[in-house]
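Read through the structure below, which is laid out as structure tokens, and then see the notes.
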Amino acid sequence: MRSSLARALVTASAVVGIAGAGLAGAGAGVAAPQQAAGPAVSSRQVSPLAVNNLGLNTTRAKNWQSCLNVWGFNAGAEDGQLGTNSWMAAQRMLNAWGYNAGTVDGIVGTNTITALQKFLNAVGENAGTPDGIAGPQTRAAFWNYNATGC
């Protein structure tokens, strides 16, 4: 009798153990599916928070910031990093001087580049046709313009 009772208990324990392990394993396998990864963030979306020196080194970016400050458009610290504050100052300047940079938001978008190209062409730098694309010719004109302070 003892052996049949022991056998029954062992069998019952084994069944419960197997069922428990199966349920424990099923918990992970039956868990909610992972959410699909969201789309990668493009550089255009990050632009308001990023530095965009348009090819200028630190010294030439400081020259640009210095000019914006001297002209009264408050670019903030002259640190050589053209971030949101610097580009908002540039947009204010470009709008005030009639180059139509659009919304003052610190985003270096098509309107800002087109206005910058018009400005650079007006001051004798050859930024090419104002098309809103900061290509090599626009970057070279911006580089040359900022060789010295204003």
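By convention in this document, the chains of the structure tokens carry letters A, B, ... by their order, each chain's residues are numbered from 1, and ligands are numbered from 1 in the order they are shown.
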
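Omitting Gly102 in chain A and its sequence neighbours fewer than 3 positions away, and counting only C-alpha atoms, the residues within 9 Å are Gln91, Leu94, Asn95, Tyr99, Asp105, Asn111, Thr112 and Ala115 of chain A.
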
How about saving the chosen residues, N, CA, C and O atoms kept, as a compact mmCIF listing (two decimals), in the first residue's frame?
```txt
# COMPACT_ATOMS: atom_id res chain seq x y z
N GLN A 91 17.49 83.96 -38.93
CA GLN A 91 16.16 84.10 -39.54
C GLN A 91 15.57 85.48 -39.26
O GLN A 91 14.98 86.09 -40.16
N LEU A 94 17.53 87.84 -41.55
CA LEU A 94 17.16 87.67 -42.95
C LEU A 94 15.75 88.21 -43.22
O LEU A 94 15.52 88.85 -44.26
N ASN A 95 14.83 87.99 -42.30
CA ASN A 95 13.48 88.54 -42.46
C ASN A 95 13.48 90.06 -42.37
O ASN A 95 12.86 90.73 -43.20
N TYR A 99 14.85 89.28 -46.88
CA TYR A 99 15.21 88.06 -47.62
C TYR A 99 14.23 86.91 -47.40
O TYR A 99 14.40 85.85 -47.98
N ASP A 105 12.07 79.83 -36.36
CA ASP A 105 11.95 78.62 -35.55
C ASP A 105 13.29 77.93 -35.31
O ASP A 105 13.36 76.91 -34.63
N ASN A 111 13.38 77.52 -46.70
CA ASN A 111 13.20 78.98 -46.69
C ASN A 111 14.42 79.70 -46.13
O ASN A 111 14.84 80.73 -46.65
N THR A 112 14.99 79.15 -45.07
CA THR A 112 16.16 79.78 -44.46
C THR A 112 17.34 79.73 -45.42
O THR A 112 18.05 80.74 -45.59
N ALA A 115 16.83 82.22 -48.30
CA ALA A 115 17.08 83.58 -47.83
C ALA A 115 18.58 83.83 -47.64
O ALA A 115 19.10 84.89 -48.02
```

Give me, as a PDB file with N, CA and C atoms, in the first residue's frame, all polymer residues having an atom no more than 10 Å from Ala90 in chain A, counting only C-alpha atoms and skipping those fewer than 2 positions away in the same chain.
```
ATOM      1  N   TRP A  64      30.177  84.519 -37.656  1.00  0.00           N
ATOM      2  CA  TRP A  64      28.766  84.673 -38.026  1.00  0.00           C
ATOM      3  C   TRP A  64      27.937  85.066 -36.805  1.00  0.00           C
ATOM      4  N   GLN A  65      28.159  84.377 -35.694  1.00  0.00           N
ATOM      5  CA  GLN A  65      27.435  84.693 -34.458  1.00  0.00           C
ATOM      6  C   GLN A  65      27.746  86.121 -33.996  1.00  0.00           C
ATOM      7  N   CYS A  67      28.621  88.677 -35.865  1.00  0.00           N
ATOM      8  CA  CYS A  67      27.918  89.622 -36.741  1.00  0.00           C
ATOM      9  C   CYS A  67      26.442  89.719 -36.357  1.00  0.00           C
ATOM     10  N   LEU A  68      25.814  88.568 -36.156  1.00  0.00           N
ATOM     11  CA  LEU A  68      24.394  88.577 -35.780  1.00  0.00           C
ATOM     12  C   LEU A  68      24.185  89.353 -34.484  1.00  0.00           C
ATOM     13  N   ASN A  69      25.101  89.190 -33.531  1.00  0.00           N
ATOM     14  CA  ASN A  69      24.990  89.926 -32.261  1.00  0.00           C
ATOM     15  C   ASN A  69      25.236  91.414 -32.454  1.00  0.00           C
ATOM     16  N   PHE A  73      20.662  90.988 -33.431  1.00  0.00           N
ATOM     17  CA  PHE A  73      19.710  89.894 -33.592  1.00  0.00           C
ATOM     18  C   PHE A  73      19.856  88.768 -32.564  1.00  0.00           C
ATOM     19  N   ASN A  74      20.718  88.959 -31.572  1.00  0.00           N
ATOM     20  CA  ASN A  74      20.856  88.074 -30.414  1.00  0.00           C
ATOM     21  C   ASN A  74      20.999  86.590 -30.752  1.00  0.00           C
ATOM     22  N   ALA A  75      22.204  86.253 -31.222  1.00  0.00           N
ATOM     23  CA  ALA A  75      22.527  84.853 -31.512  1.00  0.00           C
ATOM     24  C   ALA A  75      22.934  84.099 -30.256  1.00  0.00           C
ATOM     25  N   LEU A  82      26.519  76.663 -34.373  1.00  0.00           N
ATOM     26  CA  LEU A  82      25.306  77.275 -34.907  1.00  0.00           C
ATOM     27  C   LEU A  82      24.114  76.363 -34.624  1.00  0.00           C
ATOM     28  N   THR A  84      20.079  76.270 -32.492  1.00  0.00           N
ATOM     29  CA  THR A  84      18.759  76.893 -32.625  1.00  0.00           C
ATOM     30  C   THR A  84      18.807  78.403 -32.429  1.00  0.00           C
ATOM     31  N   ASN A  85      19.467  78.882 -31.369  1.00  0.00           N
ATOM     32  CA  ASN A  85      19.506  80.330 -31.107  1.00  0.00           C
ATOM     33  C   ASN A  85      20.191  81.089 -32.232  1.00  0.00           C
ATOM     34  N   SER A  86      21.287  80.549 -32.719  1.00  0.00           N
ATOM     35  CA  SER A  86      22.007  81.215 -33.816  1.00  0.00           C
ATOM     36  C   SER A  86      21.151  81.282 -35.069  1.00  0.00           C
ATOM     37  N   TRP A  87      20.462  80.177 -35.382  1.00  0.00           N
ATOM     38  CA  TRP A  87      19.651  80.174 -36.598  1.00  0.00           C
ATOM     39  C   TRP A  87      18.384  81.001 -36.446  1.00  0.00           C
ATOM     40  N   MET A  88      17.850  81.091 -35.240  1.00  0.00           N
ATOM     41  CA  MET A  88      16.705  81.994 -35.033  1.00  0.00           C
ATOM     42  C   MET A  88      17.148  83.434 -35.241  1.00  0.00           C
ATOM     43  N   ARG A  92      15.743  85.976 -38.037  1.00  0.00           N
ATOM     44  CA  ARG A  92      15.250  87.331 -37.723  1.00  0.00           C
ATOM     45  C   ARG A  92      15.946  88.369 -38.599  1.00  0.00           C
ATOM     46  N   MET A  93      17.266  88.223 -38.739  1.00  0.00           N
ATOM     47  CA  MET A  93      18.038  89.154 -39.563  1.00  0.00           C
ATOM     48  C   MET A  93      17.598  89.066 -41.022  1.00  0.00           C
ATOM     49  N   LEU A  94      17.534  87.844 -41.548  1.00  0.00           N
ATOM     50  CA  LEU A  94      17.161  87.673 -42.953  1.00  0.00           C
ATOM     51  C   LEU A  94      15.752  88.209 -43.225  1.00  0.00           C
ATOM     52  N   ASN A  95      14.833  87.994 -42.298  1.00  0.00           N
ATOM     53  CA  ASN A  95      13.477  88.542 -42.460  1.00  0.00           C
ATOM     54  C   ASN A  95      13.485  90.063 -42.374  1.00  0.00           C
ATOM     55  N   ALA A  96      14.195  90.614 -41.401  1.00  0.00           N
ATOM     56  CA  ALA A  96      14.239  92.070 -41.214  1.00  0.00           C
ATOM     57  C   ALA A  96      14.857  92.761 -42.421  1.00  0.00           C
ATOM     58  N   ALA A 101      13.075  84.603 -44.759  1.00  0.00           N
ATOM     59  CA  ALA A 101      13.461  83.283 -44.246  1.00  0.00           C
ATOM     60  C   ALA A 101      12.266  82.516 -43.702  1.00  0.00           C
ATOM     61  N   VAL A 104      10.403  82.126 -37.801  1.00  0.00           N
ATOM     62  CA  VAL A 104      11.595  82.135 -36.957  1.00  0.00           C
ATOM     63  C   VAL A 104      11.466  80.975 -35.977  1.00  0.00           C
ATOM     64  N   GLY A 106      14.360  78.458 -35.879  1.00  0.00           N
ATOM     65  CA  GLY A 106      15.680  77.860 -35.697  1.00  0.00           C
ATOM     66  C   GLY A 106      15.943  76.654 -36.576  1.00  0.00           C
ATOM     67  N   VAL A 108      16.887  74.981 -39.974  1.00  0.00           N
ATOM     68  CA  VAL A 108      17.615  75.366 -41.186  1.00  0.00           C
ATOM     69  C   VAL A 108      16.971  74.620 -42.355  1.00  0.00           C
ATOM     70  N   THR A 112      14.987  79.152 -45.066  1.00  0.00           N
ATOM     71  CA  THR A 112      16.163  79.776 -44.457  1.00  0.00           C
ATOM     72  C   THR A 112      17.342  79.735 -45.416  1.00  0.00           C
ATOM     73  N   ALA A 115      16.833  82.220 -48.302  1.00  0.00           N
ATOM     74  CA  ALA A 115      17.082  83.585 -47.830  1.00  0.00           C
ATOM     75  C   ALA A 115      18.581  83.828 -47.642  1.00  0.00           C
ATOM     76  N   LEU A 116      19.276  82.858 -47.077  1.00  0.00           N
ATOM     77  CA  LEU A 116      20.725  82.984 -46.894  1.00  0.00           C
ATOM     78  C   LEU A 116      21.423  83.101 -48.244  1.00  0.00           C
TER      79      LEU A 116
END
```

Next item on the list: Identify, on the basis of only C-alpha atoms, every residue whose closest approach to Asn126 in chain A does not exceed 9 Å; exclude the query and any residue fewer than 4 positions from it along the same chain; express the result as a list in words.
Entry: Gln117, Leu120, Asn121, Ala122, Gln137, Thr138, Ala140 and Ala141 of chain A

May I have the selected residues written with N, CA and C atoms, as a PDB file, in the first residue's frame?
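And here's out_25.pdb as it stands now:
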```pdb
ATOM      1  N   GLN A 117      20.997  82.322 -49.226  1.00  0.00           N
ATOM      2  CA  GLN A 117      21.575  82.403 -50.566  1.00  0.00           C
ATOM      3  C   GLN A 117      21.358  83.791 -51.168  1.00  0.00           C
ATOM      4  N   LEU A 120      23.732  86.176 -49.339  1.00  0.00           N
ATOM      5  CA  LEU A 120      25.121  85.989 -49.759  1.00  0.00           C
ATOM      6  C   LEU A 120      25.357  86.538 -51.166  1.00  0.00           C
ATOM      7  N   ASN A 121      24.414  86.324 -52.072  1.00  0.00           N
ATOM      8  CA  ASN A 121      24.536  86.884 -53.424  1.00  0.00           C
ATOM      9  C   ASN A 121      24.530  88.405 -53.384  1.00  0.00           C
ATOM     10  N   ALA A 122      23.690  88.979 -52.529  1.00  0.00           N
ATOM     11  CA  ALA A 122      23.578  90.441 -52.435  1.00  0.00           C
ATOM     12  C   ALA A 122      24.856  91.088 -51.905  1.00  0.00           C
ATOM     13  N   GLN A 137      28.285  75.121 -53.489  1.00  0.00           N
ATOM     14  CA  GLN A 137      28.457  76.534 -53.842  1.00  0.00           C
ATOM     15  C   GLN A 137      27.952  77.435 -52.721  1.00  0.00           C
ATOM     16  N   THR A 138      26.822  77.096 -52.133  1.00  0.00           N
ATOM     17  CA  THR A 138      26.277  77.881 -51.021  1.00  0.00           C
ATOM     18  C   THR A 138      27.210  77.792 -49.820  1.00  0.00           C
ATOM     19  N   ALA A 140      30.404  77.195 -49.811  1.00  0.00           N
ATOM     20  CA  ALA A 140      31.635  77.934 -50.102  1.00  0.00           C
ATOM     21  C   ALA A 140      31.415  79.433 -49.929  1.00  0.00           C
ATOM     22  N   ALA A 141      30.275  79.931 -50.389  1.00  0.00           N
ATOM     23  CA  ALA A 141      29.969  81.352 -50.237  1.00  0.00           C
ATOM     24  C   ALA A 141      29.831  81.722 -48.762  1.00  0.00           C
TER      25      ALA A 141
END
```

Checklist line | All residues 12 Å or closer to Asn53 in chain A, only C-alpha atoms, same chain fewer than 2 positions away omitted, as a ChimeraX atom specification | finding: /A:47,50-51,55-65,79-84,86-87,108,134,139,142-143,146
